[in-house]
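Data first, discussion second: the structure below is written as structure tokens.
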Amino acid sequence: MGQPKKLIEVAMPIKEISAESVRDGRIQHGHISSLHKWWARRPLPVCRAVIFASLIPDPLDENCPQIFKDAVELLIGKGANIVDIYRPYDDIPYTAAVDKMDDNLRNRLLMFIGKFSEKYCKLGEKTASKEVLTEYSLIKWENKNNETVLTIARKLIWVAYNSIKKSNVTDLLMEYDAAFAAIKSAELNLYSSINRQRLTDPVKEKELFLRDAINFFLNRMPKVFDPFAGGGAIPLEASRLGCRSYGNDINPVAHIIQKASLEFPQKYGKPIVYDKQEFIKLYGERIWESQLLENKEIRDGEAISVRIENRLAFDVEFYASKLLLNVENEIGYLYPKSNPNEKIIAYYWTRVGICANPSCRAEVPLLKQFYLCNTKNKQIHLKPIIENSTINFEIKSGVIDGNGWVARGNLVCPCCGNTTENKILKEQFVNGNPKERLIAVIYEGKKGKEYRLPNQLDIDILNQIPEPKNRPKESLPVTYTKAMAFCLWGFNNWGDIFTKRQLVALNALVDGLKYLESLSIDEDKLYWDAIITYLALIIDKIASRQTSFGIIDIGRETIVDPFSKQAIQMVFDYPEQTPFSIDTAYWISLFIQNESPNFNSSICNNASSGDKSQFENKFIDAVITDPPYYDAIAYADISDFYYIWLKRSIGSIYPLNFSTPQTPKSEECTALKHHFDEDITKAKNHFENKLMQVFDAIEHQTSDIVSIMFAHQSTEAWTTLCNSILGSRMNITGSWANDTELTGALKTDKAFLSSSVTVACRPSQRQGFGDFKMVKKEIEKTVAKEVHELYSLGFRGADLLTACFGQAVSEFGKYEKVEKADGSEVTVADLLEMARESAFNALLKGFDGDDFTKFYIGWLQLYGFSISDFDDAAKFSRVGLNINVADLFNNHILIKNGNKQTLGDFTQRLSFNKNLGERSNSFLIDQVHRAMALYKGTNRSLLLQYIERTAAQPEGSFWRVVTSLCEILSPGSDDQKQALGLLTNKDSLIRESQILVKDKPEQTALELK
């Protein structure tokens, strides 16, 4: 029997995954993103879905073991629950027509991964984000620790990887239950031991017993590896699904984040019982008294012990409070209060530019705008008061008109009206020590944040700030202006981006941490190191809001770090947050509590991937990874911000990880030209060679599937990805698109959806040289089959094309090389074109209509309304259609845009031809576009007359075109709204149009108006 395909190679619930991924970007409480900043971390729902689908076979594959099919039927089949919660859709909710999904085992697995709720199926986009998926969906945020749902997933993986050992599914699942129960029993035995922090022999024996139970379980589960682990999302989810999980990253900052997210919570975030004497010795009488009575054991009317549900979270909060209190006692005087009860949140500063007008020379605060807060229900602003060349402010409530005094780096003087150009202003910064001005103080009021002008105490203390004893001298990447444009303004070292008071505070925090580290309170040094590591991460989070490049998000009234654009941009105003808030520790504690229920920690390595000797040949069962992409993100350069503080705070705990002056850059898998003497060719070659090296090692180390997430879908991105995969003796076997939400411009509420692709691939054997014509026929055949199968699952548009492209590459990748008749080699760009053409052909085969309408629908599926090359129109007009390209432009199907073109929407087409769709022989798309325009208009009578003439038959071609448009137009677009309006009201429109005709009197005489 051959090897069955994995589920990820044949189908994925991409709409459901995308919906939960968009939501994932907005979750904060307990989310991995709340632990520490990392860039481009993959959404957890995508990771969980991809890992799970990569580890289980497709139950409809002819080679799928019967025992796995039995497991699917038993665990999520019709009889698995009283309510059939994983029954496929009666009507796929994201298609316009009524599409019933087949009830088979494959589709039930898709529904288990993610299924839209009944509420969403009725209300659509109006549904609250947390209610979009059913409560039983694997990828739903709320199910991260749901033992019922996770047990189903783990059991299915268990059966998939142990199917050759048993023939009876009941016996195999009983073995799972026994192995898992042994872990739970060992946990209970250890965690109920009083004062287990004392490493006595009985405690050590219980710990060993637990480790053995966990290892026994993991030895029966697959080994999953992420060679670019970054922020740790993939190993975290692999661990959650019960796999033995490995992660590599060359960046020491990423490695520390991984230890704090993938190792420490799972190892140490467990219950502990202290007797009263031991607890008071560790934490004091006051903390003993603050513990809830229900957590204490009472004997003879007196509490004798207490149970702490999460030792690690408790200790992190306790020692963080201790650290912050000690530092506040030391330097609190630098943050004076107007009254003893005032709680200052932050100080609002602005840099100052000098007007270049010699007769003015006003010192102008470089403000882009005047709002301190501009939320829906609250507007607070600075009102300028200008006298001659002196500028002061008042703080007022309400709306303020007018722009600020700096735009695009140019200063417009409010005193004389002169413009000081960017170049001159920049010289002021580079050549001297530019002034900064404190203009507001933010403090905690009775109804949230309040704002006041600085008083004399606030001003006087600035002259009493001592010179920082440790100003970081590590170099900034001054030539990397793409992401570090602020360096052009005279900032050369990392220490330059902090003010004196900020540096005094951060140095005090580091010194306080070092003091706590020296106490070595716990017998278990590794546990104590974990606590100190979390305290270092807290300092990191404080540091990110203790720079002169922080930002106040006035729309949300929050302070954010400088990295929301994966870079540090030049800013002229910034908040200086007070460093004593315990909130930072709370967020980290919440994350620990969220991840602690998992018994399974990951194995993290601070190493560059690509070393074949790291694992034995075919040791790893599956690789799931999200590699970097060219120069999209300079991980090493921007993470130096954190590296310089981690090196100072925990460098003694991790001496090897922080042995270099700054983060290692030469081996990073990126294409950053400033690392290669500004030579972009060298930089690209480095990236492509490094990626190939890593994939080559993966092929050696992996016995089964490799799933790769890639955040770019350009031809260049596909070329790089395919060349790296095919050049590493692997072949792509499936590909899927997913949407994730990324925040747009700072200080706005804008967001945009970014599509990423996941490809599945396997080690493969090549068959020598392939003939282009033969391979093209195979691609057409494979893509046609893929279109047919995926269309029935609701795949449309770009989602369908992405899936088709993976199948096209799979045919191409069977050969060492594919050559055309002239001997030239077929490229990945050629493959893209073949996949599009094949998908276009397959889509149009089942479509009944004129060629122009076919072209419109097919083009919309593949390109949408994006700009495309003229050659593309010529190619696709020849794909099974009898169309002259010039006619596409003459009929405004395509609209010229220079030497390129876009598809015409209904508004554009009507603007070019006001009689569009009026002729009796008009194209179907013309008729539909006129109907859409009439539907949007106000004359219902005209709409009904038009429906009666062109669309009176409910099953006619007109309505099939409307249905197709509804399915592939972008949700929320004007075209989609009007098409959906027509389709939703189809029955009533046809009925009313017929009544209108019947009621219309026959004209017997000329009507004069």
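The way I read the labels, and the way they are meant: chains A, B, ... in the order of the structure tokens, residue 1 as the first residue of every chain, and ligand 1 as the first ligand shown, with later ones counted on from there.
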
Show which residues sit within 12 Å of Phe216 in chain A, as a PyMOL selection string. Count only C-alpha atoms, and ignore same-chain residues fewer than 2 positions away.
chain A and resi 175-176+178-183+209-214+218-221+242-244+600

Atoms to include: N, CA and C atoms. Write the selected residues as an mmCIF file, in the first residue's frame.
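Result file out38.cif:
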data_model
loop_
_atom_site.group_PDB
_atom_site.id
_atom_site.type_symbol
_atom_site.label_atom_id
_atom_site.label_comp_id
_atom_site.auth_asym_id
_atom_site.auth_seq_id
_atom_site.Cartn_x
_atom_site.Cartn_y
_atom_site.Cartn_z
ATOM 1 N N GLU A 175 -4.991 2.692 24.276
ATOM 2 C CA GLU A 175 -3.568 2.924 24.562
ATOM 3 C C GLU A 175 -3.307 4.423 24.748
ATOM 4 N N TYR A 176 -3.952 5.253 23.920
ATOM 5 C CA TYR A 176 -3.823 6.701 24.090
ATOM 6 C C TYR A 176 -4.328 7.102 25.480
ATOM 7 N N ALA A 178 -4.608 5.441 28.168
ATOM 8 C CA ALA A 178 -3.723 4.972 29.243
ATOM 9 C C ALA A 178 -2.471 5.840 29.339
ATOM 10 N N ALA A 179 -1.886 6.171 28.184
ATOM 11 C CA ALA A 179 -0.666 6.994 28.182
ATOM 12 C C ALA A 179 -0.947 8.397 28.714
ATOM 13 N N PHE A 180 -2.074 8.964 28.319
ATOM 14 C CA PHE A 180 -2.422 10.312 28.779
ATOM 15 C C PHE A 180 -2.789 10.295 30.259
ATOM 16 N N ALA A 181 -3.501 9.273 30.681
ATOM 17 C CA ALA A 181 -3.878 9.166 32.094
ATOM 18 C C ALA A 181 -2.655 9.037 32.990
ATOM 19 N N ALA A 182 -1.608 8.371 32.483
ATOM 20 C CA ALA A 182 -0.378 8.233 33.267
ATOM 21 C C ALA A 182 0.262 9.599 33.524
ATOM 22 N N ILE A 183 0.191 10.485 32.535
ATOM 23 C CA ILE A 183 0.711 11.849 32.717
ATOM 24 C C ILE A 183 -0.087 12.577 33.776
ATOM 25 N N PHE A 209 9.318 10.439 37.432
ATOM 26 C CA PHE A 209 8.177 9.625 37.003
ATOM 27 C C PHE A 209 7.315 10.398 36.002
ATOM 28 N N LEU A 210 7.120 11.695 36.259
ATOM 29 C CA LEU A 210 6.343 12.533 35.340
ATOM 30 C C LEU A 210 7.064 12.672 34.001
ATOM 31 N N ARG A 211 8.380 12.913 34.040
ATOM 32 C CA ARG A 211 9.128 13.032 32.794
ATOM 33 C C ARG A 211 9.047 11.757 31.972
ATOM 34 N N ASP A 212 9.130 10.612 32.647
ATOM 35 C CA ASP A 212 9.039 9.331 31.942
ATOM 36 C C ASP A 212 7.669 9.155 31.287
ATOM 37 N N ALA A 213 6.609 9.552 32.005
ATOM 38 C CA ALA A 213 5.247 9.426 31.466
ATOM 39 C C ALA A 213 5.069 10.312 30.239
ATOM 40 N N ILE A 214 5.595 11.541 30.317
ATOM 41 C CA ILE A 214 5.500 12.468 29.180
ATOM 42 C C ILE A 214 6.285 11.920 27.990
ATOM 43 N N LEU A 218 5.041 11.067 24.216
ATOM 44 C CA LEU A 218 5.601 11.777 23.063
ATOM 45 C C LEU A 218 6.308 10.838 22.090
ATOM 46 N N ASN A 219 6.802 9.719 22.591
ATOM 47 C CA ASN A 219 7.450 8.748 21.710
ATOM 48 C C ASN A 219 6.472 8.093 20.741
ATOM 49 N N ARG A 220 5.189 8.211 21.037
ATOM 50 C CA ARG A 220 4.152 7.656 20.155
ATOM 51 C C ARG A 220 3.538 8.733 19.257
ATOM 52 N N MET A 221 4.032 9.955 19.383
ATOM 53 C CA MET A 221 3.500 11.078 18.597
ATOM 54 C C MET A 221 4.571 11.585 17.624
ATOM 55 N N GLY A 242 0.126 17.937 21.084
ATOM 56 C CA GLY A 242 0.688 16.714 21.654
ATOM 57 C C GLY A 242 1.912 16.180 20.951
ATOM 58 N N CYS A 243 2.517 16.976 20.077
ATOM 59 C CA CYS A 243 3.688 16.509 19.326
ATOM 60 C C CYS A 243 4.978 16.834 20.078
ATOM 61 N N ARG A 244 6.025 16.085 19.777
ATOM 62 C CA ARG A 244 7.345 16.473 20.266
ATOM 63 C C ARG A 244 7.822 17.590 19.342
ATOM 64 N N ASN A 600 3.301 19.746 27.786
ATOM 65 C CA ASN A 600 4.316 19.428 26.786
ATOM 66 C C ASN A 600 5.127 20.660 26.417
#

At a cut-off of 9 Å, using only C-alpha atoms, what residues contact Asp771 in chain A? Leave out same-chain residues fewer than 6 positions from it and give the result as a PyMOL selection string.
chain A and resi 817-821

Given the selection you just returned, output its residues as a file containing all heavy atoms, formatted as an mmCIF file, in the first residue's frame.
data_model
loop_
_atom_site.group_PDB
_atom_site.id
_atom_site.type_symbol
_atom_site.label_atom_id
_atom_site.label_comp_id
_atom_site.auth_asym_id
_atom_site.auth_seq_id
_atom_site.Cartn_x
_atom_site.Cartn_y
_atom_site.Cartn_z
ATOM 1 N N LYS A 817 14.088 18.638 -15.158
ATOM 2 C CA LYS A 817 13.992 19.867 -15.937
ATOM 3 C C LYS A 817 12.907 19.653 -16.982
ATOM 4 O O LYS A 817 12.710 18.539 -17.479
ATOM 5 C CB LYS A 817 15.333 20.160 -16.611
ATOM 6 C CG LYS A 817 15.388 21.486 -17.363
ATOM 7 C CD LYS A 817 16.700 21.622 -18.131
ATOM 8 C CE LYS A 817 17.894 21.751 -17.189
ATOM 9 N NZ LYS A 817 19.145 22.024 -17.969
ATOM 10 N N VAL A 818 12.173 20.719 -17.308
ATOM 11 C CA VAL A 818 11.176 20.658 -18.377
ATOM 12 C C VAL A 818 11.603 21.651 -19.452
ATOM 13 O O VAL A 818 11.851 22.825 -19.173
ATOM 14 C CB VAL A 818 9.767 21.012 -17.852
ATOM 15 C CG1 VAL A 818 8.766 21.002 -19.002
ATOM 16 C CG2 VAL A 818 9.340 20.035 -16.762
ATOM 17 N N GLU A 819 11.715 21.151 -20.675
ATOM 18 C CA GLU A 819 12.208 21.984 -21.773
ATOM 19 C C GLU A 819 11.148 22.179 -22.847
ATOM 20 O O GLU A 819 10.344 21.286 -23.120
ATOM 21 C CB GLU A 819 13.454 21.353 -22.406
ATOM 22 C CG GLU A 819 14.680 21.357 -21.515
ATOM 23 C CD GLU A 819 15.907 20.799 -22.213
ATOM 24 O OE1 GLU A 819 15.732 20.163 -23.284
ATOM 25 O OE2 GLU A 819 17.023 20.989 -21.700
ATOM 26 N N LYS A 820 11.184 23.366 -23.453
ATOM 27 C CA LYS A 820 10.323 23.657 -24.593
ATOM 28 C C LYS A 820 10.970 23.099 -25.863
ATOM 29 O O LYS A 820 12.097 22.610 -25.843
ATOM 30 C CB LYS A 820 10.119 25.169 -24.710
ATOM 31 C CG LYS A 820 9.435 25.793 -23.504
ATOM 32 C CD LYS A 820 9.313 27.308 -23.649
ATOM 33 C CE LYS A 820 8.712 27.916 -22.400
ATOM 34 N NZ LYS A 820 8.648 29.406 -22.467
ATOM 35 N N ALA A 821 10.270 23.220 -26.973
ATOM 36 C CA ALA A 821 10.771 22.663 -28.235
ATOM 37 C C ALA A 821 12.080 23.304 -28.669
ATOM 38 O O ALA A 821 12.917 22.661 -29.304
ATOM 39 C CB ALA A 821 9.709 22.847 -29.325
#

Could you check the closest approach to Val50 in chain A for each of A:Ser735, A:Asn897, A:Gln953, A:Thr702 and tell me which residue wins, using only C-alpha atoms?
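Closest candidate: A:Ser735.
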
Counting only C-alpha atoms, give me one row per residue of range 120-192 of chain A with an atom at most 10 Å from an atom of range 263-270 of chain A, showing the shortest contact pair and its distance in Å to one decimal, sorted by chain then residue number, as JSON lines.
{"residue": "A:Glu187", "atom": "CA", "partner": "A:Lys270", "partner_atom": "CA", "distance": 8.9}
{"residue": "A:Leu190", "atom": "CA", "partner": "A:Lys270", "partner_atom": "CA", "distance": 9.9}
{"residue": "A:Tyr191", "atom": "CA", "partner": "A:Lys270", "partner_atom": "CA", "distance": 7.1}

Quick one: distance from CA of Lys383 in chain A to CA of Leu366 in chain A in Å, one decimal?
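Calculated distance between CA of Lys383 in chain A and CA of Leu366 in chain A is 14.3 Å.
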
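Of the residues listed (A:Val826, A:Ile461, A:Ala440, A:Ile893), A:Ile461 shows the shortest atom-to-atom separation from Ile331 in chain A; distances use only C-alpha atoms.
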
Ser581 in chain A: which residues within 12 Å, counting only C-alpha atoms, same-chain residues fewer than 2 positions away excluded, as a ChimeraX atom specification?
/A:317,320-325,327-328,343-346,538-539,541-542,545,577-579,583-587

Quick one: DSSP helix (DSSP H, G or I) residues in range 741-933 of chain A, as a PyMOL selection string?
chain A and resi 772-791+797-812+828-845+851-863+870-877+885-890+906-912+924-933

Within 10 Å of range 367-372 of chain A, counting only C-alpha atoms, which residues qualify if same-chain residues fewer than 6 places away don't, as an NGL selection string?
:A and (348-352 or 379-384 or 393 or 395-409 or 411 or 440 or 442 or 450-451 or 552-555 or 557 or 571-573)

Can you pull out the residues contacting Gly917 in chain A? Cut-off 10 Å, using only C-alpha atoms, and skip same-chain residues under 3 positions away; I want them as a count of residues only.
17

Show which residues sit within 12 Å of range 983-994 of chain A, as number ranges by chain. Count only C-alpha atoms, and ignore same-chain residues fewer than 2 positions away.
A: 95-98, 928, 931-932, 935, 940-956, 958-967, 976-981, 996-1000

Export of the given selection (N, CA and C atoms) as a compact mmCIF listing (two decimals), in the first residue's frame:
# COMPACT_ATOMS: atom_id res chain seq x y z
N THR A 95 -20.69 30.97 -0.42
CA THR A 95 -21.01 30.97 -1.85
C THR A 95 -22.41 31.57 -2.00
N ALA A 96 -22.67 32.17 -3.15
CA ALA A 96 -23.95 32.85 -3.35
C ALA A 96 -25.08 31.87 -3.65
N ALA A 97 -24.77 30.82 -4.37
CA ALA A 97 -25.78 29.82 -4.69
C ALA A 97 -25.95 28.85 -3.51
N VAL A 98 -26.97 28.03 -3.58
CA VAL A 98 -27.16 27.00 -2.56
C VAL A 98 -26.24 25.83 -2.90
N VAL A 928 -26.35 42.48 -16.86
CA VAL A 928 -26.24 42.42 -15.40
C VAL A 928 -25.73 43.75 -14.84
N ALA A 931 -28.50 46.23 -14.80
CA ALA A 931 -29.44 45.91 -13.71
C ALA A 931 -28.85 46.33 -12.37
N MET A 932 -27.56 46.16 -12.18
CA MET A 932 -26.91 46.58 -10.93
C MET A 932 -27.00 48.09 -10.77
N TYR A 935 -30.55 48.92 -9.89
CA TYR A 935 -30.83 48.52 -8.50
C TYR A 935 -30.29 49.56 -7.52
N ARG A 940 -37.43 52.41 -9.14
CA ARG A 940 -37.69 50.97 -9.09
C ARG A 940 -38.49 50.51 -10.30
N SER A 941 -39.32 51.39 -10.82
CA SER A 941 -40.12 51.01 -11.98
C SER A 941 -39.24 50.67 -13.18
N LEU A 942 -38.19 51.46 -13.41
CA LEU A 942 -37.27 51.17 -14.50
C LEU A 942 -36.56 49.84 -14.29
N LEU A 943 -36.17 49.57 -13.02
CA LEU A 943 -35.52 48.30 -12.70
C LEU A 943 -36.45 47.13 -13.01
N LEU A 944 -37.70 47.24 -12.59
CA LEU A 944 -38.65 46.13 -12.79
C LEU A 944 -38.92 45.91 -14.28
N GLN A 945 -39.03 47.00 -15.04
CA GLN A 945 -39.23 46.86 -16.48
C GLN A 945 -38.03 46.14 -17.12
N TYR A 946 -36.85 46.48 -16.65
CA TYR A 946 -35.64 45.86 -17.21
C TYR A 946 -35.56 44.38 -16.83
N ILE A 947 -35.92 44.05 -15.60
CA ILE A 947 -35.93 42.65 -15.16
C ILE A 947 -36.91 41.86 -16.01
N GLU A 948 -38.06 42.44 -16.28
CA GLU A 948 -39.08 41.72 -17.06
C GLU A 948 -38.57 41.45 -18.48
N ARG A 949 -37.79 42.37 -19.04
CA ARG A 949 -37.30 42.20 -20.41
C ARG A 949 -36.13 41.24 -20.49
N THR A 950 -35.26 41.23 -19.49
CA THR A 950 -33.99 40.50 -19.62
C THR A 950 -33.81 39.34 -18.64
N ALA A 951 -34.56 39.34 -17.53
CA ALA A 951 -34.27 38.36 -16.47
C ALA A 951 -35.52 37.79 -15.86
N ALA A 952 -36.53 37.54 -16.67
CA ALA A 952 -37.80 37.06 -16.14
C ALA A 952 -37.75 35.60 -15.71
N GLN A 953 -36.76 34.84 -16.24
CA GLN A 953 -36.66 33.42 -15.90
C GLN A 953 -35.72 33.22 -14.71
N PRO A 954 -36.20 32.73 -13.58
CA PRO A 954 -35.36 32.62 -12.38
C PRO A 954 -34.16 31.70 -12.54
N GLU A 955 -34.21 30.76 -13.48
CA GLU A 955 -33.08 29.86 -13.69
C GLU A 955 -32.28 30.23 -14.94
N GLY A 956 -32.53 31.41 -15.47
CA GLY A 956 -31.87 31.82 -16.70
C GLY A 956 -30.42 32.19 -16.51
N PHE A 958 -28.92 34.96 -17.00
CA PHE A 958 -28.72 36.25 -16.33
C PHE A 958 -28.44 36.04 -14.84
N TRP A 959 -29.25 35.24 -14.20
CA TRP A 959 -29.11 35.05 -12.74
C TRP A 959 -27.90 34.20 -12.40
N ARG A 960 -27.49 33.32 -13.32
CA ARG A 960 -26.27 32.56 -13.06
C ARG A 960 -25.05 33.48 -13.08
N VAL A 961 -25.08 34.49 -13.94
CA VAL A 961 -24.00 35.47 -13.95
C VAL A 961 -23.99 36.28 -12.65
N VAL A 962 -25.17 36.69 -12.20
CA VAL A 962 -25.27 37.43 -10.94
C VAL A 962 -24.72 36.59 -9.79
N THR A 963 -25.09 35.32 -9.78
CA THR A 963 -24.60 34.41 -8.74
C THR A 963 -23.08 34.32 -8.76
N SER A 964 -22.51 34.16 -9.95
CA SER A 964 -21.05 34.07 -10.06
C SER A 964 -20.38 35.34 -9.55
N LEU A 965 -20.92 36.50 -9.89
CA LEU A 965 -20.35 37.76 -9.42
C LEU A 965 -20.39 37.84 -7.90
N CYS A 966 -21.49 37.45 -7.31
CA CYS A 966 -21.61 37.50 -5.85
C CYS A 966 -20.54 36.66 -5.16
N GLU A 967 -20.19 35.56 -5.79
CA GLU A 967 -19.23 34.65 -5.17
C GLU A 967 -17.79 35.12 -5.27
N GLN A 976 -20.17 44.19 -5.44
CA GLN A 976 -20.69 43.03 -4.71
C GLN A 976 -22.01 43.37 -4.01
N LYS A 977 -22.11 44.58 -3.48
CA LYS A 977 -23.34 44.99 -2.79
C LYS A 977 -24.53 44.99 -3.74
N GLN A 978 -24.32 45.54 -4.93
CA GLN A 978 -25.44 45.62 -5.88
C GLN A 978 -25.79 44.25 -6.43
N ALA A 979 -24.77 43.43 -6.75
CA ALA A 979 -25.04 42.08 -7.25
C ALA A 979 -25.76 41.25 -6.19
N LEU A 980 -25.28 41.36 -4.94
CA LEU A 980 -25.91 40.61 -3.86
C LEU A 980 -27.33 41.10 -3.61
N GLY A 981 -27.54 42.41 -3.76
CA GLY A 981 -28.90 42.95 -3.61
C GLY A 981 -29.85 42.38 -4.64
N LEU A 996 -46.19 44.28 -12.72
CA LEU A 996 -46.10 45.58 -13.38
C LEU A 996 -46.56 45.49 -14.82
N VAL A 997 -46.18 44.42 -15.51
CA VAL A 997 -46.55 44.24 -16.91
C VAL A 997 -48.04 44.01 -17.05
N LYS A 998 -48.58 43.19 -16.14
CA LYS A 998 -50.02 42.90 -16.19
C LYS A 998 -50.85 44.14 -15.94
N ASP A 999 -50.39 44.96 -14.99
CA ASP A 999 -51.16 46.14 -14.60
C ASP A 999 -50.98 47.31 -15.55
N LYS A 1000 -49.98 47.26 -16.41
CA LYS A 1000 -49.71 48.38 -17.30
C LYS A 1000 -50.79 48.44 -18.38

Would you mind listing what lies within 7 Å of Trp736 in chain A as a list in words, with only C-alpha atoms counted and same-chain residues fewer than 5 positions away left out?
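Surrounding residues, per the criterion: Val757, Thr758, Val759, Asp799, Thr802 and Ala803 of chain A.
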
Distance CA of Lys15 in chain A-CA of Gly794 in chain A, one decimal place?
9.0 Å

Just list as a PyMOL selection string whatever in range 844-937 of chain A DSSP marks as strand (DSSP E or B).
chain A and resi 868-869+894-897+900-903

Just to be explicit: take each residue in the selection above, keep C-alpha atoms, and write the result as a short mmCIF file (atom, residue, chain, number, x, y, z; two decimals), in the first residue's frame.
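New file out00.cif:
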data_model
loop_
_atom_site.label_atom_id
_atom_site.label_comp_id
_atom_site.auth_asym_id
_atom_site.auth_seq_id
_atom_site.Cartn_x
_atom_site.Cartn_y
_atom_site.Cartn_z
CA SER A 868 -2.30 43.70 -15.22
CA ASP A 869 -0.07 43.62 -18.29
CA LEU A 894 -11.04 46.09 -19.95
CA ILE A 895 -10.06 49.71 -19.37
CA LYS A 896 -6.65 50.98 -20.45
CA ASN A 897 -4.28 52.32 -17.85
CA LYS A 900 -1.61 48.11 -18.71
CA GLN A 901 -5.29 47.54 -18.01
CA THR A 902 -7.87 46.84 -15.36
CA LEU A 903 -11.23 45.11 -15.49
#

Which one of A:Leu55, A:Val203, A:Leu236, A:Ile92 sits closest to Ala160 in chain A if you count only C-alpha atoms?
A:Leu55

Could I get the residues of range 18-84 of chain A with an atom no further than 10 Å from an atom of range 99-112 of chain A, each paired with its nearest atom pair and that distance in Å to one decimal, using only C-alpha atoms, sorted by chain and residue number, as a tab-separated table?
residue	atom	partner	partner_atom	distance
A:Ala49	CA	A:Leu110	CA	9.5
A:Ala53	CA	A:Leu109	CA	8.8
A:Ile56	CA	A:Leu109	CA	9.6
A:Pro57	CA	A:Arg106	CA	9.3
A:Asp58	CA	A:Arg106	CA	6.3
A:Pro59	CA	A:Arg106	CA	5.7
A:Leu60	CA	A:Arg106	CA	6.3
A:Asp61	CA	A:Arg106	CA	9.3
A:Lys69	CA	A:Leu105	CA	7.4
A:Asp70	CA	A:Leu105	CA	9.7
A:Val72	CA	A:Leu105	CA	6.7
A:Glu73	CA	A:Leu105	CA	7.1
A:Ile76	CA	A:Arg108	CA	7.0
A:Gly77	CA	A:Arg108	CA	7.3
A:Lys78	CA	A:Arg108	CA	9.4

Can you write out the residues you just picked, keeping N, CA, C and O atoms, as a tab-separated table (two decimals), in the first residue's frame?
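What ended up in part31.tsv:
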chain	number	residue	atom	x	y	z
A	49	ALA	N	-4.08	24.91	12.46
A	49	ALA	CA	-4.74	24.22	11.35
A	49	ALA	C	-3.72	23.54	10.44
A	49	ALA	O	-3.90	22.38	10.04
A	53	ALA	N	-3.50	19.52	9.93
A	53	ALA	CA	-3.77	18.98	8.59
A	53	ALA	C	-2.54	18.36	7.95
A	53	ALA	O	-2.66	17.56	7.02
A	56	ILE	N	-2.30	14.41	9.58
A	56	ILE	CA	-3.31	13.35	9.42
A	56	ILE	C	-3.54	13.07	7.94
A	56	ILE	O	-3.45	13.98	7.11
A	57	PRO	N	-3.84	11.83	7.59
A	57	PRO	CA	-4.07	11.50	6.18
A	57	PRO	C	-5.44	11.96	5.71
A	57	PRO	O	-6.35	12.20	6.52
A	58	ASP	N	-5.57	12.06	4.41
A	58	ASP	CA	-6.88	12.33	3.81
A	58	ASP	C	-7.69	11.04	3.86
A	58	ASP	O	-7.32	10.05	3.24
A	59	PRO	N	-8.81	11.02	4.58
A	59	PRO	CA	-9.56	9.76	4.72
A	59	PRO	C	-10.19	9.27	3.42
A	59	PRO	O	-10.60	8.11	3.35
A	60	LEU	N	-10.26	10.13	2.39
A	60	LEU	CA	-10.80	9.68	1.11
A	60	LEU	C	-9.71	9.13	0.19
A	60	LEU	O	-10.02	8.62	-0.90
A	61	ASP	N	-8.45	9.23	0.61
A	61	ASP	CA	-7.35	8.69	-0.19
A	61	ASP	C	-7.43	7.16	-0.16
A	61	ASP	O	-7.67	6.55	0.88
A	69	LYS	N	-9.74	5.91	9.30
A	69	LYS	CA	-11.12	6.21	8.91
A	69	LYS	C	-12.07	5.87	10.05
A	69	LYS	O	-13.02	6.62	10.34
A	70	ASP	N	-11.80	4.74	10.69
A	70	ASP	CA	-12.65	4.32	11.82
A	70	ASP	C	-12.56	5.34	12.96
A	70	ASP	O	-13.56	5.64	13.62
A	72	VAL	N	-11.89	8.59	12.69
A	72	VAL	CA	-12.62	9.79	12.32
A	72	VAL	C	-14.11	9.58	12.53
A	72	VAL	O	-14.82	10.43	13.09
A	73	GLU	N	-14.59	8.43	12.09
A	73	GLU	CA	-16.02	8.12	12.25
A	73	GLU	C	-16.41	8.06	13.72
A	73	GLU	O	-17.47	8.57	14.14
A	76	ILE	N	-15.66	12.03	15.33
A	76	ILE	CA	-16.40	13.20	14.83
A	76	ILE	C	-17.47	12.82	13.81
A	76	ILE	O	-17.99	13.68	13.10
A	77	GLY	N	-17.78	11.53	13.72
A	77	GLY	CA	-18.80	11.07	12.79
A	77	GLY	C	-20.21	11.37	13.25
A	77	GLY	O	-20.44	12.03	14.26
A	78	LYS	N	-21.17	10.85	12.51
A	78	LYS	CA	-22.58	11.16	12.78
A	78	LYS	C	-22.99	10.75	14.19
A	78	LYS	O	-23.79	11.43	14.84

Pick from A:Ile67, A:Leu519, A:Lys206, A:Val224 nearest to Asp171 in chain A, counting only C-alpha atoms
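The answer is A:Ile67, which sits nearest to Asp171 in chain A.
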